[in-house]
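Here's entry-v1.cif, which has mmCIF, C-alpha atoms:
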```
data_my_file
loop_
_atom_site.label_atom_id
_atom_site.label_comp_id
_atom_site.auth_asym_id
_atom_site.auth_seq_id
_atom_site.Cartn_x
_atom_site.Cartn_y
_atom_site.Cartn_z
CA MET U 1043 72.18 84.92 99.58
CA ALA U 1044 70.82 87.12 102.33
CA ARG U 1045 69.14 89.39 99.79
CA TRP U 1046 66.05 89.36 101.97
CA LEU U 1047 67.92 91.25 104.62
CA SER U 1048 67.35 94.95 104.49
CA ALA U 1049 70.34 97.29 104.43
CA PRO U 1050 69.80 98.51 108.02
CA LEU U 1051 69.62 94.95 109.27
CA LEU U 1052 72.81 94.09 107.44
CA LEU U 1053 74.57 97.09 108.91
CA LEU U 1054 73.40 96.16 112.38
CA ALA U 1055 74.56 92.58 111.95
CA ALA U 1056 77.89 93.72 110.57
CA THR U 1057 78.49 96.18 113.38
CA SER U 1058 77.89 93.49 115.96
CA LEU U 1059 80.65 91.41 114.37
CA LEU U 1060 83.20 94.15 114.64
CA PRO U 1061 85.27 94.41 117.79
CA ALA U 1062 85.66 98.04 118.73
CA GLN U 1063 89.28 98.47 119.72
CA GLY U 1064 88.26 100.59 122.69
CA ASN U 1065 86.28 97.71 124.15
CA ILE U 1066 88.90 95.02 123.80
CA LEU U 1067 90.70 95.95 127.00
CA THR U 1068 89.25 97.88 129.92
CA VAL U 1069 91.04 99.24 132.96
CA VAL U 1070 88.81 99.32 136.02
CA ALA U 1071 89.07 102.71 137.74
CA PRO U 1072 91.50 102.09 140.63
CA PRO U 1073 90.25 102.83 144.15
CA LYS U 1074 91.81 105.67 146.13
CA LEU U 1075 95.21 104.85 147.57
CA THR U 1076 96.24 106.15 150.98
CA ALA U 1077 99.98 106.72 151.09
CA LYS U 1078 101.92 107.60 154.21
CA LYS U 1079 105.01 109.68 153.65
CA ASN U 1080 108.35 107.85 153.67
CA THR U 1081 106.80 104.41 153.23
CA THR U 1082 106.10 102.04 150.34
CA VAL U 1083 102.57 101.28 149.20
CA THR U 1084 101.09 99.00 146.56
CA ALA U 1085 98.31 99.77 144.12
CA LYS U 1086 96.35 97.27 142.08
CA VAL U 1087 95.17 98.08 138.59
CA ALA U 1088 92.52 95.62 137.43
CA VAL U 1089 92.41 94.88 133.70
CA GLN U 1090 89.59 93.17 131.85
CA LEU U 1091 90.19 91.70 128.44
CA ARG U 1092 87.32 90.70 126.21
CA ASN U 1093 86.64 87.04 125.69
CA GLY U 1094 88.38 85.69 122.60
CA PHE U 1095 91.21 88.21 122.74
CA HIS U 1096 94.70 88.03 124.13
CA VAL U 1097 97.46 90.57 124.67
CA ASN U 1098 101.16 89.85 124.66
CA SER U 1099 102.50 89.46 128.18
CA ASN U 1100 105.16 91.80 129.56
CA THR U 1101 107.74 89.23 128.42
CA PRO U 1102 106.85 88.01 124.93
CA ALA U 1103 109.38 85.55 123.57
CA ASP U 1104 109.49 87.15 120.12
CA ASP U 1105 111.34 90.46 119.87
CA TYR U 1106 108.87 91.70 117.29
CA LEU U 1107 105.89 91.33 119.61
CA ILE U 1108 104.82 94.35 121.62
CA PRO U 1109 104.77 93.69 125.37
CA LEU U 1110 102.06 94.89 127.73
CA ARG U 1111 103.62 97.56 129.91
CA LEU U 1112 102.36 99.80 132.69
CA THR U 1113 104.40 102.93 133.38
CA TRP U 1114 103.83 105.82 135.77
CA THR U 1115 104.89 109.44 135.91
CA ALA U 1116 107.64 110.17 138.44
CA ALA U 1117 105.54 112.27 140.81
CA PRO U 1118 104.00 112.52 143.34
CA LEU U 1119 104.97 108.90 144.12
CA GLU U 1120 107.93 107.02 142.72
CA ALA U 1121 107.07 103.71 141.06
CA LYS U 1122 109.58 101.09 142.19
CA GLY U 1123 108.25 98.26 140.07
CA VAL U 1124 105.20 96.62 138.53
CA ALA U 1125 104.30 93.00 139.27
CA TYR U 1126 102.63 91.44 136.26
CA PRO U 1127 100.61 88.23 136.49
CA LYS U 1128 102.14 84.93 135.46
CA PRO U 1129 101.72 84.74 131.68
CA LYS U 1130 99.89 81.90 130.00
CA MET U 1131 101.64 80.01 127.26
CA GLU U 1132 98.99 79.64 124.58
CA LYS U 1133 99.19 78.06 121.15
CA TYR U 1134 97.25 79.79 118.42
CA GLU U 1135 96.50 78.92 114.81
CA PHE U 1136 99.06 81.48 113.72
CA SER U 1137 101.87 80.53 116.10
CA GLU U 1138 104.24 77.67 115.53
CA LYS U 1139 104.86 77.39 119.26
CA PRO U 1140 103.02 78.69 122.34
CA ILE U 1141 103.33 82.40 122.96
CA SER U 1142 103.34 84.28 126.25
CA VAL U 1143 100.03 86.09 126.73
CA PHE U 1144 97.51 87.48 129.17
CA THR U 1145 93.83 86.69 128.76
CA GLY U 1146 90.64 87.36 130.71
CA ASP U 1147 90.82 89.49 133.87
CA PHE U 1148 94.14 90.19 135.54
CA ASP U 1149 95.76 92.60 137.98
CA LEU U 1150 98.88 94.72 137.70
CA VAL U 1151 100.36 95.58 141.06
CA THR U 1152 102.66 98.59 141.37
CA THR U 1153 104.88 99.30 144.36
CA PHE U 1154 105.35 103.00 145.02
CA GLN U 1155 107.81 104.78 147.25
CA VAL U 1156 106.19 107.73 149.02
CA PRO U 1157 108.83 110.45 149.27
CA ALA U 1158 109.30 112.18 152.61
CA SER U 1159 109.00 115.42 150.69
CA ALA U 1160 105.61 114.54 149.17
CA THR U 1161 102.93 117.16 149.65
CA PRO U 1162 100.09 115.86 151.81
CA GLY U 1163 96.59 115.81 150.37
CA MET U 1164 94.64 114.32 147.46
CA GLN U 1165 96.53 113.98 144.22
CA VAL U 1166 96.35 111.88 141.09
CA ILE U 1167 99.15 109.70 139.71
CA SER U 1168 99.09 109.26 135.96
CA GLY U 1169 100.08 106.07 134.23
CA LYS U 1170 100.07 104.60 130.77
CA LEU U 1171 99.17 101.07 129.83
CA ARG U 1172 100.47 100.00 126.45
CA TYR U 1173 99.28 96.76 124.89
CA GLN U 1174 98.68 95.02 121.62
CA ALA U 1175 95.74 92.68 121.27
CA CYS U 1176 94.92 89.85 118.90
CA THR U 1177 92.37 87.13 118.36
CA HIS U 1178 93.35 83.77 116.93
CA LYS U 1179 93.02 85.24 113.42
CA GLU U 1180 93.76 88.95 113.49
CA CYS U 1181 95.70 91.57 115.40
CA PHE U 1182 94.82 95.10 116.38
CA PRO U 1183 97.24 98.02 116.42
CA PRO U 1184 99.18 98.74 119.59
CA LYS U 1185 97.34 101.06 121.89
CA THR U 1186 98.25 103.18 124.92
CA ILE U 1187 95.59 104.11 127.45
CA GLU U 1188 95.76 106.53 130.35
CA VAL U 1189 95.43 105.22 133.89
CA LYS U 1190 94.56 107.61 136.74
CA LEU U 1191 95.25 106.59 140.32
CA PRO U 1192 93.86 108.85 143.07
CA VAL U 1193 96.17 109.00 146.04
CA ASP U 1194 95.74 110.60 149.45
CA ILE U 1195 99.18 111.45 150.84
CA VAL U 1196 99.24 111.62 154.63
CA ASN U 1197 101.90 112.44 157.19
CA MET I 9 101.85 105.28 113.18
CA TYR I 10 98.52 103.86 114.15
CA LEU I 11 95.97 102.18 112.02
CA SER I 12 92.89 104.28 111.64
CA LEU I 13 89.82 103.36 113.62
CA ARG I 14 87.80 106.29 112.37
CA ARG I 15 85.80 104.58 109.70
CA PRO I 16 83.09 102.54 111.39
CA ALA I 17 80.84 102.67 108.34
CA LEU I 18 83.53 101.30 106.06
CA LEU I 19 84.37 98.68 108.63
CA ALA I 20 80.73 97.72 108.71
CA VAL I 21 80.79 97.26 104.94
CA ALA I 22 83.81 94.98 105.29
CA ALA I 23 81.99 93.02 107.99
CA ILE I 24 78.95 92.62 105.75
CA GLY I 25 81.24 90.88 103.34
CA ILE I 26 82.46 88.60 106.08
CA ALA I 27 78.92 87.92 107.20
CA LEU I 28 77.79 87.13 103.67
CA ALA I 29 80.74 84.86 103.10
CA GLY I 30 79.68 83.04 106.25
CA CYS I 31 76.14 82.72 104.87
CA SER I 32 77.52 81.17 101.71
CA GLY I 33 78.74 78.18 103.65
CA GLN I 34 82.33 78.64 102.52
CA GLY I 35 83.72 79.36 105.97
CA SER I 36 83.54 82.58 107.94
CA MET I 37 86.47 84.30 106.26
CA ARG I 38 86.37 82.76 102.82
CA ALA I 39 85.12 84.74 99.86
CA ALA I 40 85.53 84.05 96.17
CA VAL I 41 86.39 86.87 93.81
CA LYS I 42 83.59 89.31 93.08
CA ALA I 43 81.92 89.45 89.72
CA GLU I 44 83.68 91.96 87.47
CA LYS I 45 80.70 94.31 87.47
CA ASP I 46 80.77 94.53 91.27
CA ARG I 47 84.43 95.44 91.63
CA ASN I 48 85.57 98.90 92.70
CA THR I 49 88.76 100.55 91.58
CA ALA I 50 91.62 100.08 94.05
CA PRO I 51 92.55 103.50 95.46
CA SER I 52 95.84 104.79 94.14
CA PHE I 53 98.69 105.70 96.47
CA THR I 54 102.36 106.60 96.42
CA LEU I 55 104.71 105.12 99.02
CA LYS I 56 108.41 104.29 99.28
CA ASP I 57 110.03 100.89 99.23
CA ALA I 58 113.11 99.81 101.21
CA THR I 59 115.44 101.27 98.60
CA GLY I 60 113.68 104.64 98.73
CA ARG I 61 112.07 104.19 95.34
CA THR I 62 108.57 105.48 94.86
CA VAL I 63 105.93 102.79 94.49
CA GLN I 64 102.54 103.50 92.99
CA LEU I 65 99.72 101.09 92.45
CA ALA I 66 99.69 102.30 88.86
CA ASP I 67 103.11 100.65 88.45
CA TYR I 68 101.26 97.35 88.51
CA LYS I 69 98.82 98.14 85.73
CA GLY I 70 97.89 94.98 83.84
CA LYS I 71 98.95 92.70 86.69
CA VAL I 72 97.04 90.81 89.33
CA VAL I 73 98.19 92.24 92.67
CA LEU I 74 97.91 90.91 96.19
CA LEU I 75 98.01 94.03 98.35
CA ASN I 76 98.74 92.93 101.91
CA PHE I 77 98.58 95.22 104.95
CA TRP I 78 100.68 93.67 107.71
CA ALA I 79 103.06 94.40 110.59
CA THR I 80 105.97 92.64 112.25
CA TRP I 81 104.02 92.57 115.54
CA CYS I 82 101.14 90.70 113.90
CA GLY I 83 101.38 86.94 114.42
CA PRO I 84 98.78 85.94 111.82
CA CYS I 85 100.54 88.13 109.24
CA LYS I 86 103.73 86.16 109.70
CA ILE I 87 102.01 82.91 108.77
CA GLU I 88 101.03 84.40 105.43
CA ILE I 89 104.43 85.75 104.43
CA PRO I 90 105.90 82.40 103.29
CA TRP I 91 102.73 81.87 101.23
CA PHE I 92 103.19 85.22 99.55
CA ILE I 93 106.85 84.45 98.85
CA ASP I 94 105.67 81.28 97.15
CA PHE I 95 102.97 83.11 95.16
CA GLU I 96 105.43 85.75 94.02
CA GLN I 97 107.80 83.09 92.77
CA ARG I 98 105.16 80.86 91.26
CA TYR I 99 102.97 83.42 89.48
CA LYS I 100 105.39 86.26 88.72
CA ASP I 101 105.81 85.25 85.09
CA ARG I 102 102.05 85.15 84.57
CA GLY I 103 101.57 88.78 85.50
CA PHE I 104 101.21 88.65 89.26
CA ALA I 105 102.85 90.56 92.09
CA VAL I 106 102.58 90.80 95.84
CA LEU I 107 102.85 94.26 97.37
CA GLY I 108 103.23 94.38 101.14
CA VAL I 109 102.24 97.47 103.11
CA SER I 110 103.82 97.43 106.54
CA MET I 111 102.00 99.35 109.27
CA ASP I 112 104.89 99.19 111.73
CA GLU I 113 105.18 102.42 113.70
CA ASP I 114 108.95 102.61 113.52
CA GLY I 115 109.12 101.87 109.82
CA TRP I 116 112.21 100.48 108.11
CA GLU I 117 114.19 100.26 111.34
CA THR I 118 112.11 97.23 112.26
CA VAL I 119 110.83 96.13 108.89
CA LYS I 120 114.06 95.97 106.89
CA PRO I 121 115.81 93.42 109.13
CA TYR I 122 112.64 91.37 109.25
CA LEU I 123 112.34 91.26 105.45
CA GLU I 124 115.97 90.25 105.16
CA ALA I 125 115.63 87.53 107.79
CA LYS I 126 112.56 86.09 106.09
CA LYS I 127 114.07 86.47 102.60
CA VAL I 128 110.98 88.26 101.35
CA ASN I 129 111.10 88.32 97.56
CA TYR I 130 108.32 90.81 96.91
CA ARG I 131 108.11 94.55 97.24
CA VAL I 132 107.18 96.07 100.57
CA VAL I 133 106.39 99.67 101.39
CA ILE I 134 105.78 101.45 104.67
CA GLY I 135 102.13 102.36 104.96
CA THR I 136 100.49 105.45 106.34
CA ASP I 137 97.17 106.07 108.04
CA GLU I 138 96.10 107.98 104.95
CA VAL I 139 96.65 104.98 102.71
CA ALA I 140 94.96 102.68 105.24
CA ASP I 141 91.99 105.07 105.24
CA LEU I 142 91.76 104.80 101.47
CA TYR I 143 91.29 101.08 101.95
CA GLY I 144 88.54 101.38 104.54
CA GLY I 145 90.65 102.07 107.61
CA VAL I 146 92.29 98.65 107.88
CA SER I 147 91.29 98.22 111.50
CA SER I 148 93.03 94.91 111.97
CA LEU I 149 95.83 92.93 110.41
CA PRO I 150 96.32 91.08 108.23
CA THR I 151 94.03 92.71 105.70
CA SER I 152 94.57 91.88 102.05
CA PHE I 153 93.06 92.99 98.78
CA VAL I 154 93.37 90.95 95.62
CA ILE I 155 93.33 93.35 92.69
CA ASP I 156 92.58 92.33 89.11
CA ARG I 157 94.44 93.29 85.95
CA GLN I 158 92.14 96.28 85.51
CA GLY I 159 93.15 97.65 88.91
CA LYS I 160 89.88 96.71 90.60
CA ILE I 161 89.47 95.02 93.97
CA ALA I 162 88.26 91.50 93.31
CA SER I 163 88.37 90.20 96.87
CA THR I 164 89.11 91.36 100.40
CA HIS I 165 90.34 89.21 103.25
CA VAL I 166 90.36 90.46 106.83
CA GLY I 167 92.23 88.24 109.27
CA LEU I 168 94.02 84.99 108.65
CA VAL I 169 92.55 82.84 105.90
CA SER I 170 93.99 79.71 104.36
CA LYS I 171 96.61 79.76 101.65
CA SER I 172 94.20 78.05 99.27
CA VAL I 173 91.75 80.96 99.52
CA TYR I 174 94.37 83.36 98.17
CA GLN I 175 95.54 80.84 95.64
CA ASP I 176 92.02 80.34 94.29
CA ASP I 177 91.56 84.10 93.97
CA ILE I 178 94.88 84.59 92.21
CA GLU I 179 94.37 81.72 89.80
CA GLN I 180 90.85 82.85 88.96
CA LEU I 181 92.07 86.34 88.21
CA LEU I 182 95.08 85.20 86.24
CA GLU I 183 92.74 83.11 84.14
CA ASN I 184 90.19 85.95 84.11
CA ARG I 185 87.43 83.74 85.37
CA GLY I 186 85.46 86.50 87.05
CA GLN I 187 82.30 85.70 85.14
CA VAL I 188 82.53 82.05 86.14
CA ALA I 189 82.76 83.11 89.76
CA GLU I 190 79.66 85.23 89.31
CA ARG I 191 77.66 82.24 88.13
CA THR I 192 78.92 79.73 90.68
CA ALA I 193 79.24 81.82 93.84
CA PRO I 194 76.53 84.48 93.80
CA ALA I 195 76.66 85.06 97.57
CA ALA I 196 80.26 86.17 97.44
CA GLY I 197 79.42 89.15 95.28
CA GLY I 198 78.50 91.23 98.28
CA ASN I 199 81.84 91.48 100.02
#
```
Structure translated into C-alpha cells:
Amino acid sequence: MARWLSAPLLLLAATSLLPAQGNILTVVAPPKLTAKKNTTVTAKVAVQLRNGFHVNSNTPADDYLIPLRLTWTAAPLEAKGVAYPKPKMEKYEFSEKPISVFTGDFDLVTTFQVPASATPGMQVISGKLRYQACTHKECFPPKTIEVKLPVDIVN
Amino acid sequence: MYLSLRRPALLAVAAIGIALAGCSGQGSMRAAVKAEKDRNTAPSFTLKDATGRTVQLADYKGKVVLLNFWATWCGPCKIEIPWFIDFEQRYKDRGFAVLGVSMDEDGWETVKPYLEAKKVNYRVVIGTDEVADLYGGVSSLPTSFVIDRQGKIASTHVGLVSKSVYQDDIEQLLENRGQVAERTAPAAGGN
C-alpha cells in the first residue's frame, strides 16, 4: 500500500499529520496597558487553542489533571486575581464522565493593583501560562509559556 | 520531566506508520504487527521500579512485552490501564508482560498512590527524556510498543486505540504468527 508514494512525499504527508506542540496553544501578544498609580487595572490575555484540542480548565475535577494557570511576577504591578472563562463540560472517548475544559479562543482577565510606589514609565510584566493539552485520543506534555504584558505606569 | 519534542524526523516516521495504517483501511490508529524481517530491536534502558529495583528491558528476554509510555495526567492512558491489568493476568503464564513507563514530572510521589488505587498488577518504572528519546521522542501519550520474544518492536501505537488492537498484537506474537501477518496485512509493514 502507498508504495507509489516517494519518500519525500511520505515525509511531507506525515509531518502534516503531526501537531507541533508549540502550535497547539497560542497567546496573542497583549496590548499595552496604561496603569495609574494607586488604582486597580485589568488586562486581558487572549488565548487561541487549535481546533480539535482541549486544555484542562483551571478547575479540573480530577486531582491528577493539570489545570491551566496564569501567574504573574510580583512587580511592577501586583496581580490580585485572574478571571478564567466558564469551563465547558465535555465528554471524550477516554473519559467516563464529562471533564472541565477550555477549547477554542478564550480570554484570561487579570486584575492588577498599581502600587503608589510604582515607578512611572514603560515596563513589562512577566507572566507564565501553564497548560496541558489533549485531543480525544492523545495527550501532550504539560507546557509553560512566557507571557509579556507591556505596561505604562502613570501618575 | 518533559517529554522530548526534539525529534521531528522520528516523529515523522511514526506518523508515516499512522498514515499507512489509515491507507490499509483498518482504522486510522490500527496497525497489525510488522513482519519479522521489518522489526527493529527495542532500545535497551535501565530504570527503577517503585521498590527501587533496577529494571532493564533485557530482563524480559524471551517474553512478549507491552511497553507503555503513560502519565497520570493523561486521560486516554487511564482507559488503557485496566486493559493492561487484564492482559498481564491473562497472558502472564504464556510469556507476556506489561511494562509501564510513567512520564510524570514528580515521579513516584504521584505515581505510587495512583498505581495502588488502580491495583496495577504489572511493573511500572519512572521514565526519563533520554529513554523517551530512544523510542523516538514519545511526543504524546499514550504511546505503546509491542515487543516480540526476540526483543524487537513488532508494533507501535500512538494515542488511544481499542483493546482488541493490543490483544490481536499480543496473541499474534505469543503464537509467533509474524509471517502470517506479513502475508495478510502487507500495508502494515511500514509502521
### Query
Quick one: residues within 8 Å of segment 1100-1115 of chain U, only C-alpha atoms counted, chain neighbours fewer than 5 positions away excluded, as an MDAnalysis selection string?
(chainID U and resid 1120:1121 1124 1126 1141:1143 1150 1167:1174 1184) or (chainID I and resid 80:82)
### Task
Pull out every residue that the PyMOL selection byres ((chain I and resi 94) around 12) matches in the shown coordinates and put them as a PyMOL selection string.
chain I and resi 88-93+95-100+104-106+127-130+171+174-175
Residues around (98.8, 118.8, 145.7), cut-off 12 Å, counting all atoms listed in the file - what are they as a PDB file with C-alpha atoms, in the coordinates of the input?
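Result written to selection_1.pdb:
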```pdb
ATOM      1  CA  ALA U1117     105.540 112.270 140.810  1.00  0.00           C
ATOM      2  CA  PRO U1118     104.000 112.520 143.340  1.00  0.00           C
ATOM      3  CA  LEU U1119     104.970 108.900 144.120  1.00  0.00           C
ATOM      4  CA  SER U1159     109.000 115.420 150.690  1.00  0.00           C
ATOM      5  CA  ALA U1160     105.610 114.540 149.170  1.00  0.00           C
ATOM      6  CA  THR U1161     102.930 117.160 149.650  1.00  0.00           C
ATOM      7  CA  PRO U1162     100.090 115.860 151.810  1.00  0.00           C
ATOM      8  CA  GLY U1163      96.590 115.810 150.370  1.00  0.00           C
ATOM      9  CA  MET U1164      94.640 114.320 147.460  1.00  0.00           C
ATOM     10  CA  GLN U1165      96.530 113.980 144.220  1.00  0.00           C
ATOM     11  CA  VAL U1166      96.350 111.880 141.090  1.00  0.00           C
ATOM     12  CA  ILE U1167      99.150 109.700 139.710  1.00  0.00           C
ATOM     13  CA  PRO U1192      93.860 108.850 143.070  1.00  0.00           C
ATOM     14  CA  VAL U1193      96.170 109.000 146.040  1.00  0.00           C
ATOM     15  CA  ASP U1194      95.740 110.600 149.450  1.00  0.00           C
ATOM     16  CA  ILE U1195      99.180 111.450 150.840  1.00  0.00           C
ATOM     17  CA  VAL U1196      99.240 111.620 154.630  1.00  0.00           C
TER      18      VAL U1196
END
```
### Task
Mind listing whatever residues come within 12 Å of the point (88.5, 99.0, 125.1)? Use only C-alpha atoms, file coordinates, and give them as a list in words.
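Final list of nearby residues, as requested, is Pro1061, Ala1062, Gln1063, Gly1064, Asn1065, Ile1066, Leu1067, Thr1068, Val1069, Val1070, Val1089, Gln1090, Leu1091, Arg1092, Phe1095, Leu1171, Tyr1173, Gln1174, Ala1175, Phe1182, Lys1185, Thr1186, Ile1187 and Glu1188 of chain U.
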Atoms kept (C-alpha atoms) for selection, written as an mmCIF file, in the coordinates of the input:
```cif
data_model
loop_
_atom_site.group_PDB
_atom_site.id
_atom_site.type_symbol
_atom_site.label_atom_id
_atom_site.label_comp_id
_atom_site.auth_asym_id
_atom_site.auth_seq_id
_atom_site.Cartn_x
_atom_site.Cartn_y
_atom_site.Cartn_z
ATOM 1 C CA PRO U 1061 85.270 94.410 117.790
ATOM 2 C CA ALA U 1062 85.660 98.040 118.730
ATOM 3 C CA GLN U 1063 89.280 98.470 119.720
ATOM 4 C CA GLY U 1064 88.260 100.590 122.690
ATOM 5 C CA ASN U 1065 86.280 97.710 124.150
ATOM 6 C CA ILE U 1066 88.900 95.020 123.800
ATOM 7 C CA LEU U 1067 90.700 95.950 127.000
ATOM 8 C CA THR U 1068 89.250 97.880 129.920
ATOM 9 C CA VAL U 1069 91.040 99.240 132.960
ATOM 10 C CA VAL U 1070 88.810 99.320 136.020
ATOM 11 C CA VAL U 1089 92.410 94.880 133.700
ATOM 12 C CA GLN U 1090 89.590 93.170 131.850
ATOM 13 C CA LEU U 1091 90.190 91.700 128.440
ATOM 14 C CA ARG U 1092 87.320 90.700 126.210
ATOM 15 C CA PHE U 1095 91.210 88.210 122.740
ATOM 16 C CA LEU U 1171 99.170 101.070 129.830
ATOM 17 C CA TYR U 1173 99.280 96.760 124.890
ATOM 18 C CA GLN U 1174 98.680 95.020 121.620
ATOM 19 C CA ALA U 1175 95.740 92.680 121.270
ATOM 20 C CA PHE U 1182 94.820 95.100 116.380
ATOM 21 C CA LYS U 1185 97.340 101.060 121.890
ATOM 22 C CA THR U 1186 98.250 103.180 124.920
ATOM 23 C CA ILE U 1187 95.590 104.110 127.450
ATOM 24 C CA GLU U 1188 95.760 106.530 130.350
#
```
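Residues matched by the PyMOL selection byres ((chain I and resi 122) around 12) in this file are Asp1105 and Tyr1106 of chain U; Ala58, Ala79, Thr80, Trp81, Lys86, Ile89, Ser110, Asp112, Gly115, Trp116, Glu117, Thr118, Val119, Lys120, Pro121, Leu123, Glu124, Ala125, Lys126, Lys127, Val128 and Val132 of chain I.
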### Query
When you draw a straight line from atom CA of Gln1155 of chain U to atom CA of Pro1073 of chain U, how long is it in Å?
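That distance, rounded to one decimal, is 17.9 Å.
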### Message
Give me, as a ChimeraX atom specification, all polymer residues having an atom no more than 7 Å from segment 144-158 of chain I, counting only C-alpha atoms and skipping those fewer than 2 positions away in the same chain.
### Response
/U:1180-1183 /I:11-15,18-19,69-78,82,84-85,140-142,160-168,181
### Message
Could you tell me, as a ChimeraX atom specification, exactly which residues end up selected when the PyMOL selection byres ((chain I and resi 55) around 12) is applied to this structure?
### Response
/I:52-54,56-67,107-110,131-140
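Between chain I and the candidates U:Val1097, U:Val1189, U:Met1131, U:Val1156, the tightest atom-to-atom separation, counting all atoms listed in the file, involves U:Val1097.
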### Query
What does the distance between atom CA of Glu113 of chain I and atom CA of Glu1135 of chain U come to in Å, to one decimal place?
25.1 Å
### Message
Restricting the calculation to all atoms listed in the file: of I:Gly83, I:Met111, I:Asp101, I:Tyr143, which residue gets closest to Ala50 of chain I?
### Response
I:Tyr143
### Gap from atom CA of His1096 of chain U to atom CA of Lys1133 of chain U - Å, one decimal
11.3 Å
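Minimum atom-to-atom distance to chain I, evaluated using only C-alpha atoms, belongs to U:Ser1137 out of U:Asn1098, U:Ser1137, U:Thr1084, U:Asn1093.
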### Task
Tell me which of U:Gly1146, U:Lys1190, U:Ala1071, U:Pro1140 sits closest to chain I, counting all atoms listed in the file.
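Of all the options, U:Pro1140 lies closest to chain I.
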### Test item: residues at most 9 Å from Val1151 of chain U, all atoms listed in the file, excluding those fewer than 6 positions along its chain, as a list in words
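Final neighbour list, sorted by chain and number: Thr1084, Ala1085, Lys1086, Val1087, Ala1088, Gly1123, Val1124, Ala1125, Tyr1126 and Pro1127 of chain U.
Each of U:Glu1138, U:Asp1147, U:Leu1191, U:Asn1197 was compared to chain I using all atoms listed in the file, and U:Glu1138 turns out to be the nearest.
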### Query
Using all atoms listed in the file, which of the listed residues (I:Asp176, I:Asp46, I:Glu183, I:Asp114) sits closest to chain U?
I:Asp114
Taking the partial coordinates given, rebuild segment 1088-1101 of chain U to contain N, CA and C atoms; return it as a short mmCIF file (atom, residue, chain, number, x, y, z; two decimals), in the coordinates of the input.
```
data_model
loop_
_atom_site.label_atom_id
_atom_site.label_comp_id
_atom_site.auth_asym_id
_atom_site.auth_seq_id
_atom_site.Cartn_x
_atom_site.Cartn_y
_atom_site.Cartn_z
N ALA U 1088 93.23 96.79 137.96
CA ALA U 1088 92.52 95.62 137.43
C ALA U 1088 92.23 95.83 135.94
N VAL U 1089 92.58 94.82 135.16
CA VAL U 1089 92.41 94.88 133.70
C VAL U 1089 91.44 93.79 133.28
N GLN U 1090 90.55 94.15 132.37
CA GLN U 1090 89.59 93.17 131.85
C GLN U 1090 89.75 93.10 130.34
N LEU U 1091 89.99 91.90 129.87
CA LEU U 1091 90.19 91.70 128.44
C LEU U 1091 89.00 90.91 127.89
N ARG U 1092 88.51 91.36 126.77
CA ARG U 1092 87.32 90.70 126.21
C ARG U 1092 87.58 89.25 125.84
N ASN U 1093 86.55 88.45 126.01
CA ASN U 1093 86.64 87.04 125.69
C ASN U 1093 87.03 86.86 124.22
N GLY U 1094 87.95 85.95 123.98
CA GLY U 1094 88.38 85.69 122.60
C GLY U 1094 89.61 86.49 122.19
N PHE U 1095 90.04 87.40 123.04
CA PHE U 1095 91.21 88.21 122.74
C PHE U 1095 92.35 87.84 123.69
N HIS U 1096 93.55 88.13 123.25
CA HIS U 1096 94.70 88.03 124.13
C HIS U 1096 95.60 89.23 123.87
N VAL U 1097 96.41 89.56 124.86
CA VAL U 1097 97.46 90.57 124.67
C VAL U 1097 98.79 89.89 124.95
N ASN U 1098 99.84 90.38 124.33
CA ASN U 1098 101.16 89.85 124.66
C ASN U 1098 101.44 90.13 126.13
N SER U 1099 102.13 89.22 126.79
CA SER U 1099 102.50 89.46 128.18
C SER U 1099 103.59 90.54 128.23
N ASN U 1100 104.06 90.82 129.42
CA ASN U 1100 105.16 91.80 129.56
C ASN U 1100 106.49 91.21 129.10
N THR U 1101 106.50 89.89 128.86
CA THR U 1101 107.74 89.23 128.42
C THR U 1101 107.46 88.32 127.23
#
```
